[in-house]
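Everything below belongs to structure_18.cif, which stores mmCIF, C-alpha atoms.
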```
data_work
loop_
_atom_site.label_atom_id
_atom_site.label_comp_id
_atom_site.auth_asym_id
_atom_site.auth_seq_id
_atom_site.Cartn_x
_atom_site.Cartn_y
_atom_site.Cartn_z
CA MET A 1 21.19 -16.50 -38.22
CA ARG A 2 21.48 -16.28 -34.45
CA THR A 3 20.21 -18.82 -31.99
CA VAL A 4 18.27 -17.11 -29.20
CA TYR A 5 16.70 -18.28 -25.96
CA VAL A 6 13.01 -17.81 -25.12
CA ASN A 7 11.39 -19.36 -22.05
CA GLY A 8 13.52 -22.50 -21.94
CA GLU A 9 13.97 -23.03 -25.67
CA TYR A 10 16.89 -22.38 -28.00
CA LEU A 11 15.43 -21.14 -31.28
CA PRO A 12 16.49 -19.55 -34.58
CA GLU A 13 15.91 -15.82 -34.14
CA ASP A 14 13.21 -15.70 -36.81
CA GLU A 15 11.19 -18.30 -34.91
CA ALA A 16 11.28 -16.52 -31.53
CA ARG A 17 7.88 -15.33 -30.29
CA VAL A 18 6.63 -13.36 -27.28
CA SER A 19 2.96 -12.55 -26.57
CA ILE A 20 1.67 -9.15 -27.66
CA PHE A 21 0.17 -8.97 -24.16
CA ASP A 22 3.55 -9.32 -22.47
CA ARG A 23 3.96 -6.58 -19.85
CA GLY A 24 7.47 -5.84 -21.05
CA PHE A 25 5.96 -4.78 -24.38
CA LEU A 26 2.91 -2.99 -22.98
CA MET A 27 4.20 -1.51 -19.71
CA ALA A 28 8.02 -1.65 -19.83
CA ASP A 29 7.51 -3.97 -16.86
CA GLY A 30 10.81 -5.80 -17.04
CA VAL A 31 14.49 -5.75 -16.21
CA TYR A 32 17.61 -6.53 -18.18
CA GLU A 33 21.34 -7.14 -18.00
CA VAL A 34 24.10 -7.03 -20.60
CA THR A 35 27.19 -9.18 -20.05
CA SER A 36 30.30 -8.75 -22.17
CA VAL A 37 32.13 -11.65 -23.76
CA LEU A 38 35.90 -11.57 -24.28
CA ASP A 39 37.87 -14.54 -25.61
CA GLY A 40 34.64 -16.52 -25.58
CA LYS A 41 34.18 -16.04 -21.82
CA LEU A 42 31.75 -14.00 -19.73
CA ILE A 43 32.97 -10.85 -17.98
CA ASP A 44 31.81 -10.28 -14.37
CA PHE A 45 28.86 -12.67 -14.66
CA ASP A 46 28.44 -12.91 -10.88
CA GLY A 47 28.01 -9.14 -10.59
CA HIS A 48 25.32 -9.08 -13.25
CA ALA A 49 23.50 -12.03 -11.68
CA VAL A 50 23.45 -10.33 -8.27
CA ARG A 51 22.14 -7.06 -9.73
CA LEU A 52 19.50 -8.93 -11.73
CA SER A 53 18.22 -10.55 -8.55
CA ARG A 54 18.11 -7.17 -6.81
CA SER A 55 16.19 -5.56 -9.69
CA LEU A 56 13.63 -8.37 -9.67
CA ASN A 57 13.21 -8.11 -5.90
CA GLU A 58 12.71 -4.33 -6.06
CA LEU A 59 9.89 -4.86 -8.57
CA GLU A 60 8.40 -7.78 -6.60
CA MET A 61 8.94 -9.99 -9.62
CA LYS A 62 9.83 -13.63 -9.12
CA ASN A 63 13.12 -14.93 -10.45
CA PRO A 64 12.25 -17.72 -12.88
CA ILE A 65 15.78 -19.07 -13.39
CA SER A 66 18.59 -20.01 -11.01
CA LYS A 67 22.03 -18.43 -11.24
CA ASP A 68 23.60 -21.74 -12.31
CA ASP A 69 21.01 -22.31 -15.02
CA LEU A 70 21.40 -18.72 -16.19
CA LEU A 71 25.14 -19.18 -16.48
CA GLU A 72 24.61 -22.33 -18.53
CA VAL A 73 22.24 -20.50 -20.91
CA HIS A 74 24.77 -17.69 -21.36
CA ARG A 75 27.57 -20.14 -22.11
CA GLU A 76 25.44 -22.18 -24.49
CA LEU A 77 24.39 -19.11 -26.47
CA VAL A 78 28.04 -17.99 -26.69
CA ARG A 79 28.93 -21.48 -27.97
CA LEU A 80 26.04 -21.82 -30.41
CA ASN A 81 26.66 -18.39 -31.92
CA GLY A 82 30.45 -18.61 -31.97
CA ILE A 83 30.95 -15.40 -29.97
CA ASP A 84 34.57 -14.52 -29.28
CA GLU A 85 33.97 -10.85 -28.49
CA GLY A 86 30.49 -9.51 -28.00
CA LEU A 87 27.52 -9.23 -25.68
CA VAL A 88 24.80 -11.39 -24.15
CA TYR A 89 21.54 -9.52 -23.57
CA LEU A 90 19.12 -10.88 -20.95
CA GLN A 91 15.59 -9.61 -20.33
CA ILE A 92 13.03 -10.81 -17.81
CA THR A 93 9.52 -9.36 -17.82
CA ARG A 94 6.48 -9.98 -15.62
CA GLY A 95 4.98 -12.00 -18.47
CA SER A 96 1.32 -12.06 -19.48
CA ASP A 97 -1.94 -13.62 -18.36
CA GLY A 98 -3.50 -12.96 -21.77
CA ASP A 99 -4.76 -9.39 -21.63
CA ARG A 100 -3.73 -5.81 -20.83
CA ASP A 101 -4.28 -4.45 -17.34
CA PHE A 102 -2.49 -1.95 -15.09
CA ALA A 103 -2.75 -4.40 -12.20
CA TYR A 104 -0.10 -7.08 -12.02
CA PRO A 105 -1.15 -10.49 -13.36
CA ALA A 106 -1.84 -13.35 -10.95
CA PRO A 107 1.23 -14.42 -8.92
CA GLU A 108 1.38 -17.76 -10.68
CA THR A 109 1.91 -16.05 -14.07
CA GLU A 110 5.30 -17.08 -15.41
CA PRO A 111 7.79 -14.34 -16.27
CA THR A 112 9.13 -14.11 -19.80
CA VAL A 113 12.85 -14.86 -20.14
CA VAL A 114 14.69 -13.84 -23.31
CA LEU A 115 18.40 -13.91 -24.12
CA PHE A 116 20.32 -13.21 -27.31
CA THR A 117 23.90 -12.53 -28.33
CA GLN A 118 25.48 -9.67 -30.26
CA ASN A 119 28.72 -10.34 -32.09
CA LYS A 120 31.14 -7.40 -31.59
CA PRO A 121 34.60 -8.14 -33.02
CA GLY A 122 37.14 -5.65 -31.70
CA LEU A 123 35.07 -4.89 -28.58
CA ALA A 124 38.16 -4.67 -26.36
CA ASP A 125 40.35 -2.87 -28.90
CA ASN A 126 37.81 -0.19 -29.69
CA PRO A 127 39.29 2.72 -31.72
CA ALA A 128 36.81 5.06 -30.00
CA ALA A 129 38.63 4.50 -26.71
CA ARG A 130 41.85 5.83 -28.22
CA LYS A 131 40.08 8.88 -29.64
CA GLY A 132 37.77 9.64 -26.72
CA ALA A 133 34.10 10.61 -26.65
CA LYS A 134 32.38 13.97 -26.90
CA VAL A 135 29.34 14.52 -24.69
CA ILE A 136 26.60 17.10 -24.23
CA SER A 137 24.62 17.80 -21.07
CA ILE A 138 20.84 17.35 -20.92
CA GLU A 139 18.21 17.60 -18.22
CA ASP A 140 17.57 14.33 -16.36
CA ILE A 141 13.81 13.76 -16.41
CA ARG A 142 13.74 10.00 -15.77
CA TRP A 143 11.75 8.31 -13.01
CA GLY A 144 13.24 8.19 -9.51
CA ARG A 145 14.34 4.54 -9.31
CA ARG A 146 17.29 4.51 -11.69
CA ASP A 147 19.03 1.96 -9.47
CA ILE A 148 16.66 -0.68 -10.87
CA LYS A 149 17.87 -1.78 -14.29
CA THR A 150 14.51 -1.66 -16.05
CA VAL A 151 13.75 -1.69 -19.77
CA GLN A 152 12.37 1.88 -19.52
CA LEU A 153 14.99 3.31 -21.86
CA LEU A 154 13.05 5.83 -23.93
CA TYR A 155 14.61 8.97 -22.46
CA PRO A 156 18.18 7.59 -22.57
CA SER A 157 17.51 6.75 -26.22
CA MET A 158 16.30 10.31 -26.80
CA GLY A 159 19.45 11.56 -25.08
CA LYS A 160 21.63 9.50 -27.42
CA MET A 161 19.82 11.05 -30.37
CA MET A 162 20.21 14.57 -28.95
CA ALA A 163 23.94 13.93 -28.74
CA LYS A 164 24.04 12.54 -32.27
CA LYS A 165 22.23 15.57 -33.66
CA ALA A 166 24.79 17.78 -31.89
CA GLY A 167 27.63 15.88 -33.56
CA CYS A 168 28.61 14.19 -30.30
CA ASP A 169 28.74 10.63 -28.95
CA ASP A 170 26.67 10.70 -25.79
CA ALA A 171 24.88 12.83 -23.21
CA TRP A 172 25.43 13.33 -19.50
CA MET A 173 22.22 13.91 -17.58
CA VAL A 174 21.93 16.69 -15.01
CA GLU A 175 19.49 16.94 -12.12
CA ASP A 176 19.33 19.79 -9.58
CA GLY A 177 22.56 21.14 -11.04
CA PHE A 178 24.58 17.95 -10.68
CA VAL A 179 25.55 15.22 -13.13
CA THR A 180 23.75 11.94 -12.47
CA GLU A 181 25.13 9.66 -15.19
CA GLY A 182 25.42 9.10 -18.92
CA THR A 183 22.60 7.67 -21.01
CA SER A 184 24.00 4.15 -20.66
CA ASN A 185 27.01 4.55 -18.37
CA ASN A 186 28.35 5.98 -15.13
CA ALA A 187 30.20 9.31 -15.30
CA TYR A 188 33.54 10.39 -13.77
CA ILE A 189 35.92 13.34 -13.76
CA VAL A 190 39.58 13.46 -12.79
CA LYS A 191 41.19 16.39 -10.98
CA GLY A 192 44.87 15.97 -10.17
CA ASN A 193 45.17 12.35 -9.09
CA LYS A 194 41.61 12.18 -7.76
CA ILE A 195 38.78 10.29 -9.47
CA ILE A 196 35.40 11.86 -8.69
CA THR A 197 32.07 10.14 -9.31
CA ARG A 198 28.56 10.39 -7.90
CA ALA A 199 27.87 8.16 -4.89
CA LEU A 200 25.44 5.25 -5.17
CA SER A 201 21.77 5.99 -4.49
CA ASN A 202 18.40 5.56 -6.19
CA ASP A 203 19.48 8.36 -8.56
CA ILE A 204 21.92 6.28 -10.61
CA LEU A 205 22.46 2.73 -11.77
CA HIS A 206 24.73 0.71 -9.54
CA GLY A 207 27.10 -0.13 -12.35
CA ILE A 208 28.83 -3.51 -12.28
CA THR A 209 31.73 -2.10 -14.27
CA ARG A 210 31.72 0.93 -11.97
CA ALA A 211 32.26 -1.27 -8.91
CA ALA A 212 35.12 -3.16 -10.53
CA VAL A 213 36.86 -0.07 -11.91
CA LEU A 214 36.72 1.77 -8.58
CA ARG A 215 38.09 -1.31 -6.81
CA PHE A 216 40.97 -1.54 -9.26
CA ALA A 217 41.60 2.20 -8.97
CA ARG A 218 41.94 1.97 -5.20
CA GLU A 219 44.18 -1.09 -5.50
CA ALA A 220 46.38 0.96 -7.86
CA GLN A 221 46.67 3.64 -5.14
CA MET A 222 44.46 6.11 -6.99
CA GLU A 223 42.33 8.38 -4.83
CA VAL A 224 38.56 8.04 -5.29
CA GLU A 225 35.99 10.54 -4.05
CA GLU A 226 32.29 9.70 -4.35
CA ARG A 227 30.34 12.96 -4.46
CA ASN A 228 28.20 15.09 -6.74
CA PHE A 229 29.83 17.29 -9.36
CA THR A 230 28.51 19.88 -11.81
CA ILE A 231 28.95 20.24 -15.54
CA ASP A 232 31.00 23.40 -14.96
CA GLU A 233 33.32 21.47 -12.66
CA ALA A 234 33.56 18.74 -15.27
CA LYS A 235 34.56 21.26 -17.94
CA GLU A 236 37.47 22.34 -15.75
CA ALA A 237 38.61 18.80 -14.97
CA ASP A 238 41.89 17.34 -16.18
CA GLU A 239 40.05 14.47 -17.82
CA ALA A 240 36.79 12.54 -17.69
CA PHE A 241 35.49 9.10 -18.57
CA THR A 242 32.55 6.74 -18.41
CA THR A 243 32.19 3.08 -17.52
CA SER A 244 29.76 0.46 -18.79
CA ALA A 245 29.61 -3.26 -19.45
CA SER A 246 29.80 -2.82 -23.21
CA ALA A 247 32.35 0.02 -23.49
CA PHE A 248 34.40 -0.76 -20.34
CA VAL A 249 36.28 2.50 -19.62
CA MET A 250 35.70 5.22 -22.23
CA PRO A 251 37.65 8.51 -22.07
CA VAL A 252 35.63 11.71 -22.50
CA VAL A 253 37.52 14.50 -24.26
CA GLU A 254 34.85 17.18 -24.70
CA ILE A 255 31.82 18.37 -22.71
CA ASP A 256 29.33 20.83 -24.24
CA GLY A 257 31.94 21.92 -26.77
CA VAL A 258 34.68 22.48 -24.18
CA ALA A 259 37.79 20.35 -24.69
CA LEU A 260 39.30 18.72 -21.61
CA GLY A 261 43.05 19.15 -21.41
CA ASP A 262 44.45 19.03 -24.92
CA GLY A 263 41.32 17.33 -26.26
CA THR A 264 42.75 13.82 -26.19
CA PRO A 265 42.43 10.99 -23.62
CA GLY A 266 44.44 11.70 -20.49
CA ARG A 267 46.51 9.39 -18.36
CA VAL A 268 44.02 7.92 -15.88
CA ALA A 269 41.20 6.61 -18.08
CA PRO A 270 43.40 4.63 -20.52
CA ARG A 271 45.30 3.10 -17.59
CA LEU A 272 42.08 2.09 -15.86
CA ARG A 273 40.80 0.57 -19.10
CA GLU A 274 43.98 -1.44 -19.42
CA ILE A 275 43.80 -2.67 -15.82
CA TYR A 276 40.11 -3.50 -16.10
CA LEU A 277 40.49 -5.55 -19.26
CA ASP A 278 43.51 -7.42 -17.90
CA GLU A 279 41.85 -8.29 -14.59
CA MET A 280 38.46 -9.15 -16.05
CA ARG A 281 39.99 -11.48 -18.61
CA LYS A 282 41.71 -13.34 -15.78
CA ALA A 283 38.44 -13.74 -13.88
CA ALA A 284 36.16 -14.47 -16.88
CA VAL A 285 34.05 -17.63 -16.80
#
```
Using structure tokens, write down the structure from this file.
Amino acid sequence: MRTVYVNGEYLPEDEARVSIFDRGFLMADGVYEVTSVLDGKLIDFDGHAVRLSRSLNELEMKNPISKDDLLEVHRELVRLNGIDEGLVYLQITRGSDGDRDFAYPAPETEPTVVLFTQNKPGLADNPAARKGAKVISIEDIRWGRRDIKTVQLLYPSMGKMMAKKAGCDDAWMVEDGFVTEGTSNNAYIVKGNKIITRALSNDILHGITRAAVLRFAREAQMEVEERNFTIDEAKEADEAFTTSASAFVMPVVEIDGVALGDGTPGRVAPRLREIYLDEMRKAAV
């Protein structure tokens, strides 16, 4: 049984409780982060902490826990649950003043802070990364502030299920003719030696893994172009991939039934995955 963290307490998971009036439950009024664990250490914790603070600020939600204390909670949960490879999930909601209302609760209302671990042996050596993922395209009908990492994940969940029903692994969302991102990842194509990905804006999540991978790509003398691209352009690309905190760099080998290249991972994505894992392990805390 896992030990989880709820509002300052470490508890067995079956004893954890949150109010039924919590705004995260009633209004999806909350934000979250997922930090990977490799070799018992946290990957890119600073990046996740900075984005968490930004998400809270954008929603005018107070930050109830300092970065140092948050790091200690992460480390303690990893220790208590014996996580060598896995994930730490963090969620902060606006809390509850004891009833349901569209208006925010009084400013003094304490946010709800929840963390738990997920044990994922083989996270780094994922067989799916050697095989590559198949994706479908779907219309992007999410709200306009996708740069805030909120718990409003219903449509991405529906997108995952659409992909599953189509015999695929994931979906890339399309808005005004251009790919925004995957259901839980940032999207990229490769043409020649150029990596192409949508530029940062309110339209996509500012991925922590995205930032690191693009930095490593440039350091490895790979050309990066941040611009919009279409599904048709993606189908004609040499290769494609996604990045996320839980899957790192994942090659994409098929889009809407069209194989990329010979239908197997290309050269760029596996190399970036290798570089990312090597560098992140060195910097883990």
Using only C-alpha atoms: which of A:Lys191, A:Ala269, A:Gly257, A:Leu214 has the shortest distance to Asp238 in chain A: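 So, comparing all the options, the nearest one is A:Lys191.
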Where does range 146-199 of chain A meet range 74-95 of chain A within 12 Å, residue by residue, with the nearest atom pair and distance in Å to one decimal for each, counting only C-alpha atoms, listed by chain and rising number, as a tab-separated table?
```
residue	atom	partner	partner_atom	distance
A:Lys149	CA	A:Gln91	CA	10.1
A:Thr150	CA	A:Gln91	CA	9.1
A:Val151	CA	A:Gln91	CA	8.2
A:Gln152	CA	A:Thr93	CA	11.7
```
Result set, the PyMOL selection byres ((chain A and resi 6-18) around 10) on current file, as a PyMOL selection string: chain A and resi 1-5+19-22+24-25+64-65+73+76-77+80+91-92+95-96+110-116
Counting only C-alpha atoms, what are the residues of range 158-275 of chain A within 9 Å of range 50-55 of chain A, and for each of them which pair of atoms is the nearest and at what distance in Å, to one decimal? Sort the table by chain and rising number, as a tab-separated table.
```
residue	atom	partner	partner_atom	distance
A:His206	CA	A:Arg51	CA	8.2
A:Gly207	CA	A:Arg51	CA	8.9
A:Ile208	CA	A:Arg51	CA	8.0
```
Create the file for the chosen residues now, containing C-alpha atoms and written as a compact mmCIF listing (two decimals), in the frame of the given file.
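What follows is the written file result24.txt:
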```
# COMPACT_ATOMS: atom_id res chain seq x y z
CA HIS A 206 24.73 0.71 -9.54
CA GLY A 207 27.10 -0.13 -12.35
CA ILE A 208 28.83 -3.51 -12.28
```
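For the pair CA of Glu58 in chain A and CA of Lys160 in chain A, the separation is 27.0 Å.
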Long-range neighbours of range 101-103 of chain A as a count of residues only, 10 Å cut-off, all atoms listed in the file, 3 positions minimum in chain: 8
Which residues, named as in the file, does the PyMOL selection byres ((chain A and resi 146) around 9) pick out? Answer as a JSON list (two decimals) with C-alpha atoms, in the coordinates of the input.
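Output below, filename expr_35.json:
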```
[["chain", "number", "residue", "atom", "x", "y", "z"],
["A", 142, "ARG", "CA", 13.74, 10.00, -15.77],
["A", 143, "TRP", "CA", 11.75, 8.31, -13.01],
["A", 144, "GLY", "CA", 13.24, 8.19, -9.51],
["A", 145, "ARG", "CA", 14.34, 4.54, -9.31],
["A", 147, "ASP", "CA", 19.03, 1.96, -9.47],
["A", 148, "ILE", "CA", 16.66, -0.68, -10.87],
["A", 149, "LYS", "CA", 17.87, -1.78, -14.29],
["A", 150, "THR", "CA", 14.51, -1.66, -16.05],
["A", 201, "SER", "CA", 21.77, 5.99, -4.49],
["A", 202, "ASN", "CA", 18.40, 5.56, -6.19],
["A", 203, "ASP", "CA", 19.48, 8.36, -8.56],
["A", 204, "ILE", "CA", 21.92, 6.28, -10.61],
["A", 205, "LEU", "CA", 22.46, 2.73, -11.77],
["A", 206, "HIS", "CA", 24.73, 0.71, -9.54]]
```
Reference answer for the PyMOL selection byres ((chain A and resi 277) around 12), as a VMD selection string: chain A and resid 36 to 39 43 to 44 123 to 125 209 212 to 213 216 245 to 249 270 to 276 278 to 284
Set the distance at 6 Å and use all atoms listed in the file: which residues neighbour Phe241 in chain A once local chain neighbours fewer than 5 positions away are removed? I'd like the list as a PDB file with C-alpha atoms, in the frame of the given file.
```
ATOM      1  CA  TYR A 188      33.540  10.390 -13.770  1.00  0.00           C
ATOM      2  CA  MET A 250      35.700   5.220 -22.230  1.00  0.00           C
ATOM      3  CA  PRO A 251      37.650   8.510 -22.070  1.00  0.00           C
ATOM      4  CA  VAL A 252      35.630  11.710 -22.500  1.00  0.00           C
TER       5      VAL A 252
END
```
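Using all atoms listed in the file, the shortest contact distance between Asp176 in chain A and any of A:Arg130, A:Met158, A:Val135, A:Asn228 is found at A:Asn228.
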CA of Gly177 in chain A to CA of Ile141 in chain A, distance in Å rounded to a single decimal: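 Spanning CA of Gly177 in chain A to CA of Ile141 in chain A is a straight-line distance of 12.6 Å.
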Given only C-alpha atoms as the counted atoms, nearest of A:Gly266, A:Gly159, A:Gly30, A:Gly40 to Leu59 in chain A: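 Closest to Leu59 in chain A of all the choices is A:Gly30.
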Could you give me the axis-aligned bounding box of range 194-210 of chain A, with 8 Å of padding per side, as centre plus edge lengths in Å to one decimal, as AutoDock Vina command-line options?
```
--center_x 30.0 --center_y 4.3 --center_z -9.4 --size_x 39.2 --size_y 31.7 --size_z 25.8
```
Selection near Ala234 in chain A, 12 Å with all atoms listed in the file, sequence-local residues under 6 positions removed, as a list of chain:residue names: A:Val135, A:Ile136, A:Ser137, A:Trp172, A:Val174, A:Phe178, A:Val179, A:Ala187, A:Tyr188, A:Ile189, A:Val190, A:Lys191, A:Ile195, A:Ile196, A:Thr197, A:Asn228, A:Ala240, A:Phe241, A:Val252, A:Val253, A:Glu254, A:Ile255, A:Asp256, A:Val258, A:Ala259, A:Leu260, A:Gly261
Separation of CA of Glu175 in chain A from CA of Glu139 in chain A in Å: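 These atoms are spaced 6.3 Å apart.
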From A:Asp99, A:Glu233, A:Asp140, A:Asp69, residue lying nearest Ala49 in chain A [all atoms listed in the file]: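 Among A:Asp99, A:Glu233, A:Asp140, A:Asp69, it is A:Asp69 that comes nearest to Ala49 in chain A.
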